[in-house]
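**Student:** structure-v1.tsv is reproduced in full below (TSV, C-alpha atoms).
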chain	number	residue	atom	x	y	z
A	76	MET	CA	0.00	0.00	0.00
A	77	GLY	CA	1.52	3.27	-1.12
A	78	GLU	CA	1.33	6.82	0.14
A	79	VAL	CA	-0.65	9.70	-1.40
A	80	ILE	CA	1.15	13.05	-1.29
A	81	VAL	CA	-0.33	16.31	-2.56
A	82	ILE	CA	1.97	19.11	-3.72
A	83	THR	CA	0.26	22.47	-3.29
A	84	SER	CA	1.02	26.17	-2.85
A	85	GLY	CA	-1.98	28.47	-3.11
A	86	LYS	CA	-0.18	30.93	-5.35
A	87	GLY	CA	0.47	30.02	-8.96
A	88	GLY	CA	3.85	30.04	-10.63
A	89	VAL	CA	5.92	29.02	-7.62
A	90	GLY	CA	6.94	25.71	-9.19
A	91	LYS	CA	4.40	23.08	-8.13
A	92	THR	CA	4.41	21.24	-11.44
A	93	THR	CA	8.19	21.37	-11.75
A	94	THR	CA	8.43	20.06	-8.19
A	95	VAL	CA	6.02	17.20	-8.88
A	96	ALA	CA	7.88	16.21	-12.06
A	97	ASN	CA	11.26	16.26	-10.34
A	98	ILE	CA	10.25	14.55	-7.10
A	99	GLY	CA	8.36	11.90	-9.05
A	100	THR	CA	11.27	11.26	-11.39
A	101	GLY	CA	13.66	11.29	-8.44
A	102	LEU	CA	11.61	8.65	-6.62
A	103	ALA	CA	11.38	6.50	-9.76
A	104	LYS	CA	15.16	6.81	-10.15
A	105	GLU	CA	15.46	5.39	-6.63
A	106	GLY	CA	13.46	2.41	-7.84
A	107	TYR	CA	10.02	3.20	-6.42
A	108	GLY	CA	6.76	2.76	-8.27
A	109	VAL	CA	5.35	6.26	-8.77
A	110	VAL	CA	2.26	7.73	-10.38
A	111	LEU	CA	1.91	11.48	-10.89
A	112	VAL	CA	-1.64	12.80	-11.03
A	113	ASP	CA	-2.28	16.15	-12.70
A	114	THR	CA	-5.44	17.62	-11.16
A	115	ASP	CA	-5.14	20.99	-12.87
A	116	ILE	CA	-8.12	20.34	-15.13
A	117	GLY	CA	-8.32	22.85	-17.97
A	118	LEU	CA	-4.69	23.95	-17.56
A	119	ARG	CA	-2.72	20.74	-17.77
A	120	ASN	CA	1.06	21.10	-17.84
A	121	LEU	CA	2.64	18.18	-16.07
A	122	ASP	CA	2.58	16.26	-19.37
A	123	VAL	CA	4.76	18.84	-21.15
A	124	VAL	CA	7.15	19.22	-18.22
A	125	LEU	CA	7.71	15.46	-18.35
A	126	GLY	CA	7.86	15.42	-22.16
A	127	LEU	CA	4.89	13.05	-22.41
A	128	GLU	CA	2.40	15.34	-24.15
A	129	ASN	CA	2.31	13.28	-27.36
A	130	ARG	CA	1.29	10.08	-25.64
A	131	ILE	CA	-1.97	11.17	-24.06
A	132	VAL	CA	-5.05	9.22	-25.10
A	133	TYR	CA	-7.30	9.32	-22.04
A	134	ASP	CA	-7.32	11.64	-19.05
A	135	ILE	CA	-8.44	11.81	-15.41
A	136	VAL	CA	-12.02	12.83	-16.32
A	137	ASP	CA	-12.31	9.84	-18.69
A	138	VAL	CA	-11.36	7.66	-15.73
A	139	THR	CA	-13.74	9.21	-13.19
A	140	ASN	CA	-16.59	9.22	-15.72
A	141	GLY	CA	-15.95	5.59	-16.57
A	142	HIS	CA	-15.08	6.23	-20.23
A	143	CYS	CA	-11.96	4.14	-19.83
A	144	ARG	CA	-10.27	1.93	-17.28
A	145	LEU	CA	-7.69	3.48	-14.96
A	146	LYS	CA	-4.87	1.42	-16.48
A	147	GLN	CA	-5.71	2.69	-19.97
A	148	ALA	CA	-5.27	6.32	-18.96
A	149	LEU	CA	-1.90	5.86	-17.26
A	150	ILE	CA	1.03	6.95	-19.44
A	151	ARG	CA	4.37	5.29	-18.83
A	152	ASP	CA	7.39	7.58	-18.66
A	153	LYS	CA	10.02	7.49	-21.42
A	154	ARG	CA	12.91	7.05	-19.00
A	155	PHE	CA	11.64	5.00	-16.07
A	156	GLU	CA	9.46	1.92	-16.25
A	157	SER	CA	8.13	2.49	-12.75
A	158	LEU	CA	6.96	6.07	-13.41
A	159	TYR	CA	3.46	6.85	-14.70
A	160	LEU	CA	1.40	9.97	-15.39
A	161	LEU	CA	-2.36	10.36	-15.10
A	162	PRO	CA	-2.94	13.53	-17.13
A	163	ALA	CA	-5.54	16.21	-16.43
A	164	ALA	CA	-8.33	16.87	-18.92
A	165	GLN	CA	-7.75	19.96	-21.01
A	166	THR	CA	-11.23	20.68	-22.34
A	167	LYS	CA	-13.25	20.31	-19.14
A	168	ASP	CA	-13.32	22.43	-16.00
A	169	LYS	CA	-12.45	21.75	-12.39
A	170	THR	CA	-15.98	20.70	-11.44
A	171	ALA	CA	-15.75	17.69	-13.81
A	172	VAL	CA	-14.35	15.65	-10.90
A	173	THR	CA	-15.83	15.37	-7.40
A	174	THR	CA	-13.96	14.96	-4.12
A	175	GLU	CA	-15.53	11.52	-3.69
A	176	GLN	CA	-14.23	10.43	-7.10
A	177	MET	CA	-10.77	11.73	-6.22
A	178	LYS	CA	-10.73	9.81	-2.94
A	179	LYS	CA	-11.67	6.62	-4.73
A	180	LEU	CA	-9.09	7.23	-7.46
A	181	CYS	CA	-6.30	7.76	-4.91
A	182	GLN	CA	-7.38	4.64	-3.06
A	183	ASN	CA	-7.12	2.61	-6.27
A	184	LEU	CA	-3.78	4.09	-7.30
A	185	LYS	CA	-2.04	3.51	-3.99
A	186	GLU	CA	-2.77	-0.20	-4.27
A	187	ASP	CA	-0.45	-0.36	-7.27
A	188	PHE	CA	2.17	2.30	-6.54
A	189	ASP	CA	4.56	3.19	-3.71
A	190	TYR	CA	3.92	6.90	-4.19
A	191	VAL	CA	0.91	8.71	-5.62
A	192	ILE	CA	1.93	12.34	-6.13
A	193	ILE	CA	-0.79	14.86	-6.83
A	194	ASP	CA	-0.13	18.10	-8.67
A	195	CYS	CA	-2.61	20.59	-7.23
A	196	PRO	CA	-3.89	23.57	-9.22
A	197	ALA	CA	-3.29	27.11	-7.95
A	198	GLY	CA	-6.05	28.60	-5.84
A	199	ILE	CA	-8.15	27.28	-2.97
A	200	GLU	CA	-11.40	26.45	-4.77
A	201	GLN	CA	-12.85	23.18	-6.05
A	202	GLY	CA	-9.64	22.12	-7.81
A	203	PHE	CA	-7.69	22.45	-4.56
A	204	LYS	CA	-10.36	20.60	-2.59
A	205	ASN	CA	-10.29	17.75	-5.12
A	206	ALA	CA	-6.51	17.57	-5.11
A	207	ILE	CA	-6.26	17.23	-1.32
A	208	ALA	CA	-9.30	14.97	-0.91
A	209	GLY	CA	-7.44	11.67	-1.22
A	210	ALA	CA	-4.08	12.78	0.19
A	211	GLU	CA	-2.49	11.51	3.40
A	212	ARG	CA	0.43	13.89	3.38
A	213	ALA	CA	0.89	17.42	2.02
A	214	VAL	CA	3.89	19.34	0.76
A	215	VAL	CA	3.58	23.10	0.38
A	216	VAL	CA	5.81	24.86	-2.16
A	217	THR	CA	6.66	28.52	-1.71
A	218	THR	CA	9.18	31.03	-2.97
A	219	PRO	CA	10.90	33.64	-0.76
A	220	GLU	CA	8.39	36.34	-1.70
A	221	VAL	CA	5.75	38.05	0.38
A	222	ALA	CA	2.83	36.98	-1.83
A	223	ALA	CA	3.90	33.33	-2.03
A	224	VAL	CA	4.57	33.01	1.71
A	225	ARG	CA	1.25	34.62	2.54
A	226	ASP	CA	-0.61	32.20	0.28
A	227	ALA	CA	1.38	29.29	1.71
A	228	ASP	CA	0.24	30.30	5.19
A	229	ARG	CA	-3.36	30.35	4.06
A	230	VAL	CA	-3.02	26.94	2.41
A	231	ILE	CA	-1.37	25.45	5.50
A	232	GLY	CA	-4.40	26.62	7.50
A	233	LEU	CA	-6.79	25.02	5.01
A	234	LEU	CA	-4.80	21.77	4.90
A	235	GLU	CA	-4.86	21.51	8.68
A	236	ALA	CA	-8.58	22.28	8.73
A	237	ALA	CA	-8.99	19.35	6.29
A	238	GLY	CA	-7.05	17.03	8.59
A	239	LEU	CA	-3.74	17.15	6.71
A	240	ASN	CA	-1.72	18.14	9.74
A	241	GLU	CA	1.91	19.17	9.73
A	242	PRO	CA	2.48	19.73	6.02
A	243	ASP	CA	6.11	19.92	4.89
A	244	LEU	CA	7.58	22.95	3.15
A	245	ILE	CA	9.74	23.30	0.07
A	246	ILE	CA	11.32	26.71	-0.47
A	247	ASN	CA	11.79	27.07	-4.20
A	248	ARG	CA	13.80	29.48	-6.34
A	249	ILE	CA	15.90	30.89	-3.53
A	250	ARG	CA	18.82	33.09	-4.63
A	251	PRO	CA	21.78	32.74	-2.27
A	252	ASP	CA	23.37	35.97	-3.56
A	253	MET	CA	20.27	37.99	-2.73
A	254	VAL	CA	19.89	36.27	0.65
A	255	LYS	CA	23.47	37.22	1.43
A	256	GLN	CA	22.78	40.86	0.59
A	257	GLY	CA	19.73	40.84	2.85
A	258	ASN	CA	17.41	41.38	-0.08
A	259	MET	CA	15.65	38.03	0.05
A	260	MET	CA	14.08	36.23	2.98
A	261	ASP	CA	16.26	33.46	4.32
A	262	ILE	CA	15.25	29.84	5.02
A	263	ASP	CA	15.02	30.61	8.75
A	264	ASP	CA	12.87	33.70	8.16
A	265	ILE	CA	10.30	31.69	6.22
A	266	ILE	CA	10.29	28.71	8.60
A	267	ASP	CA	9.91	31.14	11.46
A	268	ILE	CA	6.85	32.75	9.86
A	269	LEU	CA	5.12	29.57	8.67
A	270	ALA	CA	6.10	27.31	11.60
A	271	VAL	CA	6.25	24.08	9.57
A	272	ASP	CA	8.90	21.43	8.89
A	273	LEU	CA	11.31	22.03	6.04
A	274	LEU	CA	11.48	19.30	3.41
A	275	GLY	CA	13.94	21.02	1.10
A	276	VAL	CA	15.36	24.17	-0.42
A	277	VAL	CA	15.72	24.50	-4.18
A	278	PRO	CA	18.02	27.23	-5.49
A	279	GLU	CA	17.09	29.33	-8.51
A	280	ASP	CA	18.65	27.55	-11.47
A	281	GLU	CA	18.66	28.32	-15.19
A	282	MET	CA	18.87	24.60	-15.84
A	283	ILE	CA	15.20	24.32	-14.85
A	284	VAL	CA	14.22	26.46	-17.83
A	285	ILE	CA	16.42	24.41	-20.12
A	286	SER	CA	15.20	21.09	-18.79
A	287	THR	CA	11.57	22.19	-19.05
A	288	ASN	CA	12.22	23.28	-22.65
A	289	LYS	CA	13.39	19.77	-23.38
A	290	GLY	CA	10.82	17.95	-21.26
A	291	GLU	CA	13.53	16.28	-19.20
A	292	PRO	CA	13.33	16.81	-15.44
A	293	ALA	CA	16.42	18.53	-13.98
A	294	VAL	CA	16.64	15.90	-11.25
A	295	LEU	CA	18.36	13.69	-13.87
A	296	ASP	CA	20.99	16.32	-14.66
A	297	PRO	CA	24.03	15.83	-12.41
A	298	ARG	CA	25.25	19.39	-13.13
A	299	SER	CA	22.05	21.11	-12.03
A	300	ASN	CA	21.95	22.62	-8.51
A	301	ALA	CA	18.17	22.48	-8.46
A	302	GLY	CA	18.40	18.89	-9.67
A	303	GLU	CA	20.59	17.99	-6.72
A	304	ALA	CA	18.14	19.66	-4.34
A	305	TYR	CA	15.30	17.62	-5.87
A	306	ARG	CA	17.31	14.38	-5.59
A	307	ASN	CA	17.74	15.12	-1.89
A	308	ILE	CA	14.05	15.94	-1.45
A	309	ALA	CA	13.03	12.66	-3.10
A	310	LYS	CA	15.31	10.77	-0.70
A	311	ARG	CA	13.93	12.66	2.31
A	312	ILE	CA	10.40	11.70	1.26
A	313	THR	CA	11.39	8.05	1.46
A	314	GLY	CA	12.62	8.64	5.00
A	315	GLU	CA	16.36	9.03	4.37
A	316	ASP	CA	18.04	11.55	6.62
A	317	ILE	CA	19.76	13.97	4.25
A	318	PRO	CA	20.88	17.35	5.60
A	319	ILE	CA	19.71	20.54	3.86
A	320	MET	CA	22.35	21.79	1.43
A	321	PRO	CA	23.95	25.01	2.65
A	322	LEU	CA	23.22	27.99	0.42
A	323	GLU	CA	26.28	29.03	-1.48
A	324	ALA	CA	26.40	32.53	-2.81
A	325	ASN	CA	28.52	31.85	-5.85
A	326	GLU	CA	28.71	35.47	-6.88
A	327	GLY	CA	31.25	35.79	-9.64
A	328	ILE	CA	34.30	37.92	-8.98
A	329	MET	CA	32.95	40.43	-11.52
A	330	ALA	CA	29.68	40.85	-9.65
A	331	LEU	CA	31.58	41.44	-6.43
A	332	PHE	CA	33.82	43.96	-8.20
A	333	LYS	CA	30.84	45.82	-9.62
A	334	ARG	CA	29.22	45.97	-6.23
A	335	LEU	CA	32.35	47.44	-4.65
A	336	ILE	CA	32.83	49.98	-7.40
A	337	GLY	CA	29.33	51.18	-6.80
A	338	ARG	CA	27.11	50.45	-9.72
A	339	LYS	CA	23.86	52.14	-8.76
A	340	LYS	CA	20.84	49.89	-8.61
B	209	MET	CA	31.78	58.05	-0.30
B	210	LEU	CA	29.33	57.30	2.47
B	211	GLU	CA	27.51	55.00	0.09
B	212	LEU	CA	30.70	53.11	-0.64
B	213	LEU	CA	31.37	52.65	3.06
B	214	GLN	CA	27.82	51.46	3.61
B	215	ARG	CA	28.24	48.99	0.81
B	216	LEU	CA	31.53	47.73	2.21
B	217	PHE	CA	30.35	47.35	5.76
B	218	GLY	CA	26.85	46.21	4.95
B	219	LYS	CA	23.76	48.34	5.14
B	220	GLU	CA	21.81	49.10	8.27
B	221	GLU	CA	19.68	46.15	9.37
B	222	ALA	CA	16.44	48.04	8.89
B	223	ASP	CA	17.36	49.01	5.34
B	224	LYS	CA	17.50	45.42	4.18
B	225	SER	CA	14.44	44.72	2.12
B	226	LYS	CA	14.04	41.25	3.60
B	227	ASN	CA	13.31	42.82	6.96
B	228	VAL	CA	10.67	44.99	5.38
B	229	ALA	CA	9.18	41.86	3.79
B	230	LYS	CA	9.18	40.00	7.10
B	231	GLU	CA	7.51	42.80	8.99
B	232	ARG	CA	4.83	43.26	6.35
B	233	LEU	CA	4.19	39.52	6.24
B	234	ARG	CA	3.96	39.33	10.02
B	235	LEU	CA	1.22	41.96	10.06
B	236	VAL	CA	-0.73	40.63	7.13
B	237	LEU	CA	-0.66	37.08	8.50
B	238	VAL	CA	-2.02	38.07	11.89
B	239	GLN	CA	-4.98	39.50	10.03
B	240	ASP	CA	-5.30	36.57	7.61
B	241	ARG	CA	-5.18	34.02	10.39
B	242	CYS	CA	-7.94	35.83	12.23
B	243	SER	CA	-10.16	36.25	9.24
B	244	ILE	CA	-10.12	32.60	8.23
B	245	SER	CA	-11.79	31.33	11.37
B	246	PRO	CA	-15.16	32.91	12.02
B	247	HIS	CA	-16.04	30.16	14.49
B	248	ILE	CA	-13.11	31.19	16.69
B	249	LEU	CA	-14.40	34.77	16.65
B	250	GLU	CA	-17.83	33.42	17.60
B	251	SER	CA	-16.54	31.48	20.58
B	252	LEU	CA	-14.47	34.49	21.65
B	253	LYS	CA	-17.69	36.52	21.60
B	254	GLU	CA	-19.48	33.96	23.74
B	255	ASP	CA	-16.69	33.92	26.29
B	256	MET	CA	-16.60	37.71	26.40
B	257	ILE	CA	-20.36	37.86	26.99
B	258	GLY	CA	-19.91	35.40	29.84
B	259	VAL	CA	-17.22	37.45	31.54
B	260	ILE	CA	-18.78	40.87	31.03
B	261	SER	CA	-22.21	39.67	32.13
B	262	LYS	CA	-20.80	39.11	35.58
B	263	TYR	CA	-20.33	42.84	35.95
B	264	LEU	CA	-22.74	44.48	33.50
B	265	GLU	CA	-26.05	43.75	31.90
B	266	ILE	CA	-25.36	43.91	28.17
B	267	ASP	CA	-27.29	43.59	24.93
B	268	GLU	CA	-25.90	40.32	23.62
B	269	LYS	CA	-27.42	40.74	20.18
B	270	GLY	CA	-25.86	44.13	19.68
B	271	LEU	CA	-22.36	42.93	20.56
B	272	GLU	CA	-19.82	43.42	17.82
B	273	VAL	CA	-16.29	42.08	17.85
B	274	ASN	CA	-13.86	42.80	15.04
B	275	PHE	CA	-10.22	43.12	14.26
B	276	SER	CA	-8.97	46.43	13.05
B	277	ASN	CA	-5.63	47.30	11.59
B	278	GLU	CA	-4.52	50.82	12.40
B	279	ASP	CA	-1.07	52.34	12.47
B	280	ASN	CA	0.61	49.01	11.68
B	281	CYS	CA	-0.92	47.48	14.76
B	282	LEU	CA	-3.70	44.95	14.95
B	283	ALA	CA	-6.38	45.57	17.54
B	284	LEU	CA	-9.42	43.71	18.81
B	285	VAL	CA	-12.27	46.18	18.78
B	286	ALA	CA	-15.44	45.32	20.66
B	287	SER	CA	-18.60	47.35	20.73
B	288	ILE	CA	-20.79	46.26	23.62
B	289	PRO	CA	-24.11	48.00	24.27
B	290	ILE	CA	-24.69	48.22	28.02
B	291	LEU	CA	-28.29	47.87	29.19
B	292	ARG	CA	-27.78	48.41	32.89
B	293	MET	CA	-24.96	48.61	35.40
B	294	LYS	CA	-25.08	46.02	38.11
B	295	ARG	CA	-25.01	47.46	41.55
B	296	THR	CA	-23.23	44.52	43.05
B	297	TYR	CA	-20.88	41.93	41.63
B	298	THR	CA	-22.72	38.63	41.25
B	299	GLU	CA	-21.05	35.33	40.63
B	300	ASN	CA	-22.84	33.54	37.79
B	301	LYS	CA	-23.39	29.81	38.07
For this file, produce the structure as C-alpha cells.

**Tutor:**
Amino acid sequence: MGEVIVITSGKGGVGKTTTVANIGTGLAKEGYGVVLVDTDIGLRNLDVVLGLENRIVYDIVDVTNGHCRLKQALIRDKRFESLYLLPAAQTKDKTAVTTEQMKKLCQNLKEDFDYVIIDCPAGIEQGFKNAIAGAERAVVVTTPEVAAVRDADRVIGLLEAAGLNEPDLIINRIRPDMVKQGNMMDIDDIIDILAVDLLGVVPEDEMIVISTNKGEPAVLDPRSNAGEAYRNIAKRITGEDIPIMPLEANEGIMALFKRLIGRKK
Amino acid sequence: MLELLQRLFGKEEADKSKNVAKERLRLVLVQDRCSISPHILESLKEDMIGVISKYLEIDEKGLEVNFSNEDNCLALVASIPILRMKRTYTENK
C-alpha cells in the first residue's frame, strides 16, 4: 500500500508542477513505483514538463466518468518503467471531478504504486479541494516572496482544517546571492513565519528552464543545482536523513567587483 | 563616499528589504489568520459575553467584535451596548 502526497502552494507560478515532475522522477530513479496525477483540469502542464504530451489518449475525467479503465489512462514515462502519469483533462473544467471520485481514485492508485503524487492547481477552490481529498500527506511549495509566503500560510491553514496536519515545506527558487545581501528572505525567516517542517530548499537555477524546454526533469541532470536539491528531497520523502544543502552565494568575482565599485541599482 | 562605506560594511539592518518583507508579512498574516476562522471569533464573543455579564447587563445581540488594523498594529475592537450597570458583583453559576 503506497502513500498519497499532494503538492500544493496556493499561489500560482511558484513551481508546483516542476516540483512534482522532479520529485516523481527522483523517486522513480530510486526504484520506487510512482504515479503522478495532474489535477489541474483545464490547464494541464505536467505532461509537457515530463515530455509526455504526445502520448496522451485518455485523461483523469475519462477515468472518473468511466469512459476508460484506470490502467488505460496511465502513461508510462520514457525514461523510467516504474513512473506513470495520469494527465488532467484539457477541455473540461475543475468541477468535472468530485472529491468523492478523487478519494476513490487515490485509493485505487495507492494499491499499485509506492507513491501517488498529486499536482494541485493554484487557488483554494474546487480544484484544490479535489486535489487534497485523497491525500495523506501534504507538501507546500513557496518562494521567498511576500505573496507566495502569505498564500502558503493560508493553504497550510486550510490543509490543517482538512485534517492534513503538519504539512512539509519546500522553499523554491531561492537566490543565495540575494539572501546574502539581505534582499531576500532566508530559510530561517520563512520557517519562522510559517512554523512548519522544512522538506527542502531549491536554489534558482537556469537549468530548470532548459530542462523544461526539453521535457527532461532537472533531477536527472548531475550538473544542475536544483536537480541535486530535488534528488535530496526525493530521498527525504522516502525517510532518508539527508541534511539541507547550505546555500552558497557563488557570486562571480565580476559581480563582487561591480558591487564594490558602486554600480547604482 | 558614504555609500561606498555602507556597501563595504553592509547596510543598516532596517534598510535590508528582507526585513521589510518579514515585517509586512507578520502583520498581514495576523490579520489573515484571524479572518479565516469565524467560528473562533464566535466562541471568543461567547466567552466575552460570559465574563462581562458578571459585571454588566449587556445587549448580547448588539455585541460586535472585530479586528482592526490601524497604524501598523492589529487591535481587537469590541462594541458592547450596556443595558444596565449592576449594583453589586454577582457570581454567575

**Student:** Would you give me, as a compact mmCIF listing (two decimals) with C-alpha atoms, in the coordinates of the input, the residues of chain A that come within 9 Å of chain B, using all atoms listed in the file?

**Tutor:**
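Listing of out_14.txt after writing:
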# COMPACT_ATOMS: atom_id res chain seq x y z
CA GLU A 220 8.39 36.34 -1.70
CA VAL A 221 5.75 38.05 0.38
CA ALA A 222 2.83 36.98 -1.83
CA VAL A 224 4.57 33.01 1.71
CA ARG A 225 1.25 34.62 2.54
CA ASP A 228 0.24 30.30 5.19
CA ARG A 229 -3.36 30.35 4.06
CA GLY A 232 -4.40 26.62 7.50
CA LEU A 233 -6.79 25.02 5.01
CA VAL A 254 19.89 36.27 0.65
CA GLN A 256 22.78 40.86 0.59
CA GLY A 257 19.73 40.84 2.85
CA ASN A 258 17.41 41.38 -0.08
CA MET A 259 15.65 38.03 0.05
CA MET A 260 14.08 36.23 2.98
CA ASP A 261 16.26 33.46 4.32
CA ASP A 264 12.87 33.70 8.16
CA ILE A 265 10.30 31.69 6.22
CA ILE A 268 6.85 32.75 9.86
CA ARG A 334 29.22 45.97 -6.23
CA LEU A 335 32.35 47.44 -4.65
CA ILE A 336 32.83 49.98 -7.40
CA GLY A 337 29.33 51.18 -6.80

**Student:** So what do you get for CA of Gly99 in chain A versus CA of Gln165 in chain A, distance-wise?

**Tutor:** 21.6 Å

**Student:** In Å, with one decimal, what is the gap from CA of Ile285 in chain A to CA of Val124 in chain A?

**Tutor:**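 Taking CA of Ile285 in chain A as the start and CA of Val124 in chain A as the end point, the length is 10.8 Å.
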
**Student:** With distances taken over all atoms listed in the file, which residue among B:Glu250, B:Asp255, B:Glu265, B:Glu272 lies nearest Lys294 in chain B?

**Tutor:** B:Glu265

**Student:** Need to verify the contact set: range 281-293 of chain B, 7 Å, only C-alpha atoms, exclusion of same-chain residues closer than 3 positions in sequence. Can you return it as a compact mmCIF listing (two decimals) with C-alpha atoms, keeping the file's coordinate frame?

**Tutor:**
# COMPACT_ATOMS: atom_id res chain seq x y z
CA LEU B 264 -22.74 44.48 33.50
CA GLU B 265 -26.05 43.75 31.90
CA ILE B 266 -25.36 43.91 28.17
CA ASP B 267 -27.29 43.59 24.93
CA GLY B 270 -25.86 44.13 19.68
CA LEU B 271 -22.36 42.93 20.56
CA GLU B 272 -19.82 43.42 17.82
CA VAL B 273 -16.29 42.08 17.85
CA ASN B 274 -13.86 42.80 15.04
CA PHE B 275 -10.22 43.12 14.26
CA SER B 276 -8.97 46.43 13.05
CA ASN B 277 -5.63 47.30 11.59
CA GLU B 278 -4.52 50.82 12.40

**Student:** Give me the residues within 10 Å of range 178-183 of chain A as a VMD selection string, counting all atoms listed in the file and dropping any in the same chain fewer than 4 places off.

**Tutor:** chain A and resid 76 to 80 112 135 138 to 139 145 173 to 174 187 to 188 191 to 193 205 to 211

**Student:** Excluding range 299-308 of chain A and residues on its chain fewer than 4 positions from it, collect all residues at most 6 Å away from it, counting all atoms listed in the file, and give them as a ChimeraX atom specification.

**Tutor:** /A:101,275,277-278,280,293-294

**Student:** Could you pull the residues within 9 Å of Val132 in chain A, counting all atoms listed in the file, minus those fewer than 2 positions along the same chain, as a PyMOL selection string?

**Tutor:** chain A and resi 129-130+134+147-148+150

**Student:** Please tell me which residues are no farther than 6 Å from (14.0, 8.9, -7.1) in the file, counting only C-alpha atoms, and write them as a ChimeraX atom specification.

**Tutor:** /A:100-105,309
